[in-house]
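J.: File follows, protein31.txt with compact mmCIF, C-alpha atoms:
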```
# COMPACT_ATOMS: atom_id res chain seq x y z
CA MET A 20 21.60 -9.26 -60.95
CA SER A 21 24.06 -11.68 -62.56
CA LEU A 22 25.51 -14.96 -61.38
CA ALA A 23 29.08 -15.35 -60.14
CA ILE A 24 30.67 -18.79 -59.64
CA GLU A 25 33.09 -19.29 -56.77
CA LEU A 26 35.14 -22.42 -56.05
CA SER A 27 35.87 -23.33 -52.42
CA ALA A 28 38.28 -26.01 -51.23
CA VAL A 29 38.11 -28.13 -48.07
CA VAL A 30 41.76 -29.25 -47.96
CA VAL A 31 42.32 -31.93 -45.30
CA THR A 32 45.39 -33.54 -43.76
CA VAL A 33 46.23 -35.41 -40.54
CA LYS A 34 49.16 -34.46 -38.33
CA ASP A 35 50.02 -35.53 -34.79
CA ASN A 36 46.72 -37.40 -34.45
CA GLU A 37 44.64 -34.35 -35.40
CA ALA A 38 42.53 -33.80 -38.51
CA LEU A 39 43.38 -30.38 -39.94
CA VAL A 40 41.79 -28.16 -42.58
CA LEU A 41 43.63 -25.50 -44.56
CA CYS A 42 42.24 -22.01 -43.90
CA LEU A 43 42.98 -18.47 -44.96
CA ASN A 44 43.69 -16.05 -42.13
CA LEU A 45 41.30 -13.09 -42.32
CA PRO A 46 41.72 -9.56 -40.97
CA ARG A 47 40.01 -8.87 -37.66
CA GLY A 48 36.25 -9.11 -38.02
CA GLU A 49 33.34 -11.46 -37.50
CA ALA A 50 35.39 -14.53 -38.46
CA ALA A 51 39.07 -15.37 -38.29
CA PHE A 52 39.15 -17.98 -41.05
CA ALA A 53 37.83 -18.75 -44.52
CA LEU A 54 38.30 -21.65 -46.89
CA PRO A 55 40.62 -21.10 -49.86
CA SER A 56 38.21 -19.72 -52.47
CA GLY A 57 38.37 -18.02 -55.81
CA PRO A 58 36.26 -17.10 -58.83
CA PHE A 59 35.76 -19.32 -61.84
CA ILE A 60 36.51 -17.23 -64.93
CA PRO A 61 35.51 -19.08 -68.13
CA GLU A 62 37.95 -17.11 -70.28
CA ASN A 63 40.88 -18.11 -68.07
CA HIS A 64 39.94 -21.57 -66.76
CA ARG A 65 39.26 -24.60 -68.94
CA THR A 66 37.80 -26.67 -66.09
CA PHE A 67 36.65 -26.16 -62.49
CA ASP A 68 39.30 -28.61 -61.31
CA LEU A 69 42.18 -26.72 -62.93
CA ALA A 70 40.86 -23.40 -61.64
CA LEU A 71 40.60 -24.81 -58.11
CA ARG A 72 44.14 -26.15 -58.14
CA ALA A 73 45.47 -22.86 -59.51
CA PHE A 74 43.99 -20.56 -56.89
CA VAL A 75 44.73 -22.93 -53.99
CA ARG A 76 48.36 -22.90 -55.16
CA GLU A 77 48.26 -19.10 -55.40
CA GLN A 78 46.60 -18.56 -52.02
CA THR A 79 48.39 -21.19 -49.94
CA GLY A 80 51.65 -21.87 -51.76
CA PHE A 81 51.37 -25.61 -52.45
CA ASP A 82 49.69 -28.11 -54.78
CA ILE A 83 46.77 -30.26 -53.64
CA GLY A 84 46.48 -33.97 -54.48
CA TYR A 85 43.21 -35.96 -54.40
CA VAL A 86 40.20 -33.76 -55.29
CA GLU A 87 36.47 -34.46 -55.63
CA GLN A 88 33.47 -32.18 -56.01
CA LEU A 89 31.14 -31.87 -53.02
CA TYR A 90 28.07 -29.76 -53.64
CA SER A 91 26.89 -26.38 -54.90
CA PHE A 92 26.02 -23.69 -52.37
CA GLY A 93 23.84 -20.88 -53.65
CA ASP A 94 21.41 -19.81 -50.93
CA ASP A 95 20.12 -16.28 -51.27
CA GLY A 96 22.05 -13.93 -49.03
CA ARG A 97 25.32 -15.90 -48.91
CA GLN A 98 28.33 -13.66 -49.28
CA GLY A 99 31.09 -14.88 -51.53
CA ILE A 100 34.78 -14.54 -50.79
CA ALA A 101 35.81 -14.16 -54.43
CA ALA A 102 37.13 -10.62 -54.65
CA SER A 103 36.33 -10.33 -58.34
CA ALA A 104 32.57 -10.86 -57.90
CA PRO A 105 30.82 -7.52 -58.55
CA ASP A 106 28.67 -6.12 -55.78
CA GLY A 107 25.09 -7.34 -56.00
CA ASP A 108 25.95 -10.55 -57.85
CA ARG A 109 24.35 -13.80 -56.69
CA VAL A 110 27.34 -15.95 -55.74
CA VAL A 111 27.16 -19.72 -56.17
CA SER A 112 30.02 -21.64 -54.61
CA VAL A 113 31.04 -25.10 -55.84
CA GLY A 114 32.66 -26.91 -52.93
CA TYR A 115 35.50 -29.41 -53.29
CA LEU A 116 37.14 -31.92 -50.95
CA ALA A 117 40.90 -32.24 -51.33
CA LEU A 118 43.25 -34.57 -49.43
CA THR A 119 46.99 -34.23 -48.90
CA PRO A 120 49.30 -36.56 -46.95
CA GLN A 121 51.43 -33.78 -45.49
CA ALA A 122 50.68 -30.55 -43.67
CA VAL A 123 52.94 -28.61 -46.03
CA GLN A 124 53.92 -25.27 -44.55
CA ALA A 125 51.36 -22.79 -45.81
CA ARG A 126 52.06 -19.15 -46.57
CA PHE A 127 51.94 -16.61 -43.76
CA ASP A 128 48.31 -15.74 -44.56
CA ALA A 129 47.13 -19.38 -44.43
CA ALA A 130 47.11 -21.92 -41.60
CA TRP A 131 46.26 -25.54 -40.80
CA VAL A 132 43.45 -25.48 -38.24
CA PRO A 133 42.02 -28.49 -36.31
CA PHE A 134 38.48 -29.46 -37.28
CA ASN A 135 37.62 -29.40 -33.60
CA ARG A 136 37.97 -25.62 -33.55
CA PHE A 137 34.90 -25.49 -35.79
CA PHE A 138 32.97 -28.59 -34.62
CA PRO A 139 34.01 -29.31 -31.00
CA TRP A 140 30.95 -31.51 -30.37
CA GLU A 141 32.14 -33.98 -33.03
CA ASP A 142 35.11 -35.37 -31.06
CA TRP A 143 34.28 -38.46 -28.98
CA ARG A 144 37.85 -39.74 -28.62
CA ARG A 145 37.87 -38.81 -24.92
CA GLY A 146 35.16 -41.38 -24.24
CA ASP A 147 31.39 -41.71 -24.28
CA ASN A 148 30.98 -38.39 -22.45
CA ASN A 149 31.25 -35.34 -24.72
CA PRO A 150 31.56 -32.18 -22.55
CA ASP A 151 31.15 -29.77 -25.48
CA LEU A 152 27.88 -31.41 -26.45
CA GLU A 153 26.63 -31.37 -22.86
CA VAL A 154 27.06 -27.58 -22.87
CA LEU A 155 24.80 -27.33 -25.94
CA ARG A 156 22.05 -29.69 -24.78
CA PRO A 157 20.25 -27.19 -22.45
CA ALA A 158 19.94 -24.68 -25.31
CA LEU A 159 18.56 -27.40 -27.59
CA ARG A 160 16.03 -28.40 -24.93
CA ASP A 161 15.02 -24.74 -24.51
CA TRP A 162 14.43 -24.54 -28.27
CA CYS A 163 12.14 -27.56 -28.12
CA ASP A 164 10.24 -26.03 -25.20
CA THR A 165 9.56 -22.79 -27.12
CA ALA A 166 7.58 -24.61 -29.83
CA ALA A 167 4.17 -23.06 -30.56
CA SER A 168 2.30 -26.36 -30.30
CA ALA A 169 2.61 -29.86 -28.92
CA THR A 170 3.02 -31.20 -32.46
CA GLU A 171 5.85 -28.80 -33.21
CA HIS A 172 7.48 -29.61 -29.86
CA ALA A 173 7.40 -33.33 -30.69
CA LEU A 174 8.92 -32.70 -34.14
CA ARG A 175 11.71 -30.56 -32.70
CA LEU A 176 12.44 -33.07 -29.95
CA ARG A 177 12.58 -35.94 -32.44
CA ARG A 178 15.00 -33.99 -34.62
CA VAL A 179 17.30 -33.27 -31.67
CA GLU A 180 17.16 -36.84 -30.37
CA THR A 181 17.90 -38.24 -33.84
CA ILE A 182 21.03 -36.27 -34.65
CA PHE A 183 22.21 -35.43 -31.11
CA PRO A 184 21.23 -38.70 -29.37
CA ASP A 185 21.78 -39.16 -25.64
CA ASP A 186 22.95 -42.72 -26.24
CA PHE A 187 26.40 -42.72 -27.87
CA ASP A 188 25.61 -46.08 -29.52
CA ASN A 189 23.11 -44.19 -31.71
CA TRP A 190 25.58 -41.45 -32.67
CA ASN A 191 26.04 -41.26 -36.46
CA GLU A 192 29.43 -39.67 -37.10
CA GLU A 193 28.53 -38.93 -40.74
CA ARG A 194 25.79 -36.40 -39.85
CA VAL A 195 28.15 -33.47 -39.29
CA LEU A 196 26.21 -31.24 -41.67
CA ASP A 197 22.84 -32.11 -40.11
CA ARG A 198 24.13 -31.22 -36.66
CA TYR A 199 25.67 -27.94 -37.78
CA GLU A 200 22.50 -26.92 -39.66
CA LEU A 201 20.35 -27.69 -36.61
CA LEU A 202 22.56 -25.53 -34.39
CA TYR A 203 22.40 -22.80 -37.04
CA SER A 204 18.61 -22.96 -37.29
CA VAL A 205 18.29 -22.81 -33.50
CA GLY A 206 20.48 -19.69 -33.54
CA LEU A 207 23.38 -21.10 -31.52
CA THR A 208 26.22 -20.54 -34.01
CA GLY A 209 28.18 -17.40 -34.71
CA GLU A 210 26.99 -17.40 -38.33
CA ALA A 211 23.35 -17.41 -37.20
CA GLN A 212 23.94 -14.53 -34.79
CA ARG A 213 25.68 -12.63 -37.59
CA THR A 214 22.69 -12.87 -39.93
CA ARG A 215 20.07 -12.31 -37.21
CA ASP A 216 21.90 -9.52 -35.39
CA GLY A 217 21.56 -11.40 -32.13
CA GLY A 218 23.76 -11.87 -29.10
CA PRO A 219 26.93 -13.92 -28.74
CA PRO A 220 26.91 -17.55 -29.95
CA ALA A 221 26.40 -20.35 -27.45
CA PRO A 222 29.47 -21.75 -25.66
CA SER A 223 30.98 -24.81 -27.36
CA SER A 224 29.26 -23.92 -30.65
CA GLY A 225 32.59 -23.74 -32.50
CA GLU A 226 34.45 -20.96 -34.23
CA PRO A 227 32.52 -19.19 -37.03
CA MET A 228 33.92 -18.84 -40.53
CA ALA A 229 33.43 -16.30 -43.26
CA SER A 230 30.30 -16.48 -45.41
CA ASP A 231 28.82 -20.01 -45.25
CA HIS A 232 32.22 -21.70 -45.29
CA ARG A 233 31.54 -23.66 -42.09
CA ARG A 234 28.56 -25.24 -43.84
CA ILE A 235 30.84 -26.17 -46.75
CA LEU A 236 33.37 -27.52 -44.26
CA ALA A 237 30.67 -29.60 -42.51
CA THR A 238 29.65 -31.01 -45.90
CA GLY A 239 33.26 -31.98 -46.61
CA LEU A 240 33.73 -33.69 -43.24
CA SER A 241 30.43 -35.57 -43.63
CA ARG A 242 31.47 -36.79 -47.08
CA LEU A 243 34.92 -37.84 -45.90
CA ARG A 244 33.63 -39.74 -42.86
CA GLY A 245 31.19 -41.65 -45.03
CA LYS A 246 33.73 -42.35 -47.74
CA LEU A 247 36.24 -43.86 -45.31
CA LYS A 248 33.95 -46.88 -45.08
CA TYR A 249 33.57 -47.67 -48.76
CA ARG A 250 36.71 -46.31 -50.44
CA PRO A 251 40.34 -46.50 -49.21
CA VAL A 252 40.72 -42.69 -49.21
CA ILE A 253 42.49 -42.77 -45.84
CA PHE A 254 45.66 -43.78 -47.67
CA GLU A 255 45.59 -40.48 -49.56
CA LEU A 256 46.37 -38.95 -46.16
CA MET A 257 49.07 -41.38 -45.05
CA PRO A 258 52.83 -41.21 -45.73
CA GLU A 259 54.48 -43.88 -47.86
CA GLN A 260 55.41 -45.85 -44.73
CA PHE A 261 53.37 -45.97 -41.54
CA THR A 262 52.62 -48.11 -38.51
CA LEU A 263 49.22 -49.69 -37.96
CA LEU A 264 48.78 -47.52 -34.86
CA GLU A 265 49.38 -44.39 -36.95
CA LEU A 266 46.76 -45.58 -39.42
CA GLN A 267 44.28 -46.21 -36.60
CA LYS A 268 44.97 -42.82 -34.97
CA SER A 269 44.44 -41.07 -38.31
CA LEU A 270 41.08 -42.77 -38.75
CA GLU A 271 40.13 -41.82 -35.19
CA ALA A 272 41.07 -38.19 -35.81
CA LEU A 273 38.88 -38.03 -38.92
CA SER A 274 35.90 -39.96 -37.55
CA GLY A 275 36.01 -38.46 -34.05
CA LEU A 276 35.71 -41.99 -32.61
CA ARG A 277 37.91 -44.27 -30.55
CA LEU A 278 38.42 -47.58 -32.38
CA HIS A 279 38.78 -51.08 -30.97
CA LYS A 280 42.40 -52.02 -31.73
CA GLN A 281 42.04 -55.78 -32.21
CA ASN A 282 38.79 -55.60 -34.19
CA PHE A 283 40.22 -52.84 -36.38
CA ARG A 284 43.32 -54.86 -37.21
CA ARG A 285 41.33 -58.01 -37.95
CA ALA A 286 39.10 -56.07 -40.35
CA LEU A 287 42.15 -54.42 -41.92
CA ASP A 288 43.80 -57.80 -42.55
CA ARG A 289 40.74 -58.93 -44.53
CA THR A 290 41.03 -56.01 -46.96
CA GLY A 291 44.59 -56.74 -48.05
CA PHE A 292 45.21 -53.01 -48.32
CA VAL A 293 48.43 -52.92 -46.28
CA THR A 294 51.70 -54.73 -46.83
CA PRO A 295 54.28 -55.31 -44.05
CA LEU A 296 57.72 -54.01 -45.00
CA GLY A 297 59.81 -55.99 -42.52
CA ILE A 298 61.21 -52.71 -41.16
CA MET A 299 60.84 -51.79 -37.51
CA ARG A 300 60.40 -48.26 -36.22
CA GLU A 301 62.23 -47.67 -32.94
CA ASP A 302 60.96 -44.15 -32.10
CA THR A 303 57.48 -45.20 -30.99
CA GLY A 304 57.87 -44.44 -27.29
CA GLY A 305 57.32 -48.13 -26.55
CA ARG A 306 58.01 -51.41 -28.26
CA PRO A 307 59.32 -51.15 -31.84
CA ALA A 308 56.51 -51.21 -34.41
CA GLU A 309 56.60 -52.65 -37.92
CA LEU A 310 56.17 -50.32 -40.87
CA TYR A 311 53.56 -50.93 -43.58
CA SER A 312 52.71 -49.47 -46.98
CA TYR A 313 49.49 -49.18 -48.94
CA ASN A 314 48.99 -51.96 -51.49
CA ARG A 315 47.50 -49.94 -54.34
CA ASP A 316 47.15 -53.02 -56.53
CA GLN A 317 44.56 -54.41 -54.11
CA PHE A 318 42.29 -51.45 -54.85
CA HIS A 319 41.83 -52.72 -58.41
CA PHE A 320 40.34 -55.94 -57.00
CA SER A 321 38.23 -54.29 -54.30
CA PRO A 322 37.46 -50.77 -55.60
CA SER A 323 34.35 -50.32 -53.45
CA LEU A 324 35.93 -51.43 -50.17
CA GLY A 325 36.89 -49.00 -47.42
CA LEU A 326 37.92 -49.63 -43.83
CA SER A 327 35.79 -50.82 -40.94
CA LEU A 328 35.53 -48.43 -37.97
CA PRO A 329 34.78 -50.72 -34.98
CA ARG A 330 34.17 -48.55 -31.94
CA ALA A 331 36.09 -49.13 -28.74
```
Could I get this file's structure written as structure tokens?
T.:
Amino acid sequence: MSLAIELSAVVVTVKDNEALVLCLNLPRGEAAFALPSGPFIPENHRTFDLALRAFVREQTGFDIGYVEQLYSFGDDGRQGIAASAPDGDRVVSVGYLALTPQAVQARFDAAWVPFNRFFPWEDWRRGDNNPDLEVLRPALRDWCDTAASATEHALRLRRVETIFPDDFDNWNEERVLDRYELLYSVGLTGEAQRTRDGGPPAPSSGEPMASDHRRILATGLSRLRGKLKYRPVIFELMPEQFTLLELQKSLEALSGLRLHKQNFRRALDRTGFVTPLGIMREDTGGRPAELYSYNRDQFHFSPSLGLSLPRA
């Protein structure tokens, strides 16, 4: 058995107050979507980064902007998407997070898909009650109750209560990967049923993806949610001119949280990251709103500063 290296891209944008990820449309089968992925061929590619950009361009029809490496995924039994990997090869995928400010029209065999299709329990913008999560809770409780011992039951219950807390104030939006992996280990996701030859996945467990691409996607969303707070990466997803409400709605779409408007704007003012342009936008559906731009020079003075996400 030899080793094949695959590169997979989590390409993110925000449009109409929804966080979207770029996916490849798959033929009918166990999953409808996969992340853009391709093989790394040392003879053809000088760097991982250049290889990633090349095959994303080939598969989706446009160039990606901001890119950073996520993690390497090489669990035994994962099935790669790279068509050039010989049968029987152990496939290791190197995941990347890429951000683009526009949902550029993808080719016919690619589509922008809302994150909520894959992780419906992550969206709390409707309020403190999350109906998708409430559907999953009975199955999680049943899993705790099937523990072989009181000690194991206590460990399972603590794990569930930590990453799927009943109290929204204790919800950590960055633990997307932890929550997905718990649902997978309990057997509630489509990917788990696929590998265990079980029944249908639990309701509200999200749409499965090819191979372990939903795990890669969860890793990317976890990284992005954390990075919003200590680096100004949100502006990689914004147009050149935007209103403060558009900026807030974009952050809400990515974090899955409703933000407190006044507290958010006070915290934003302290960063110096936005500059008013003195231009009013009339097509807001309400009062005209002033347009702003990102002050990139400020990043040189505060390179470790992101944006505060005060909850509503």
J.: Which residues come within 10 Å of Glu259 (chain A), counting all atoms listed in the file, excluding same-chain residues fewer than 5 positions away, as a CSV table (one decimal) with C-alpha atoms, in the frame of the given file?
T.:
```
chain,number,residue,atom,x,y,z
A,120,PRO,CA,49.3,-36.6,-47.0
A,254,PHE,CA,45.7,-43.8,-47.7
A,310,LEU,CA,56.2,-50.3,-40.9
A,311,TYR,CA,53.6,-50.9,-43.6
A,312,SER,CA,52.7,-49.5,-47.0
A,313,TYR,CA,49.5,-49.2,-48.9
```
J.: To one decimal place, how far is CA of Asp197 (chain A) from CA of Ala117 (chain A) in Å?
T.: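 Pair CA of Asp197 (chain A) / CA of Ala117 (chain A) returns 21.3 Å.
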J.: Do a neighbour search on Leu276 (chain A) at 9 Å with only C-alpha atoms, toss out local chain neighbours closer than 3 positions, and write the hits as a PyMOL selection string.
T.: chain A and resi 141-146+192+270-273+328+330-331
J.: Could you check which of A:Val40, A:Leu296, A:Met228, A:Leu26 is closest to Val113 (chain A), using only C-alpha atoms?
T.: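 Ranking A:Val40, A:Leu296, A:Met228, A:Leu26 by distance to Val113 (chain A), first place goes to A:Leu26.
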J.: Just checking: using all atoms listed in the file, which residue out of A:Gly245, A:Glu153, A:Ser112, A:Lys280 ends up closest to Asp94 (chain A)?
T.: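 For Asp94 (chain A), the nearest of the given residues is A:Ser112.
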J.: What does the structure give for the distance between CA of Asp82 (chain A) and CA of Val31 (chain A), in Å to one decimal?
T.: 12.6 Å
J.: Which is closer to Asp231 (chain A) than all the others in A:Ser21, A:Ala53, A:Phe292, A:Leu118, using all atoms listed in the file?
T.: A:Ala53
J.: May I ask which of the residues A:Arg300, A:Arg244, A:Arg175, A:Arg198 is the closest one to Gln260 (chain A), counting only C-alpha atoms?
T.: A:Arg300
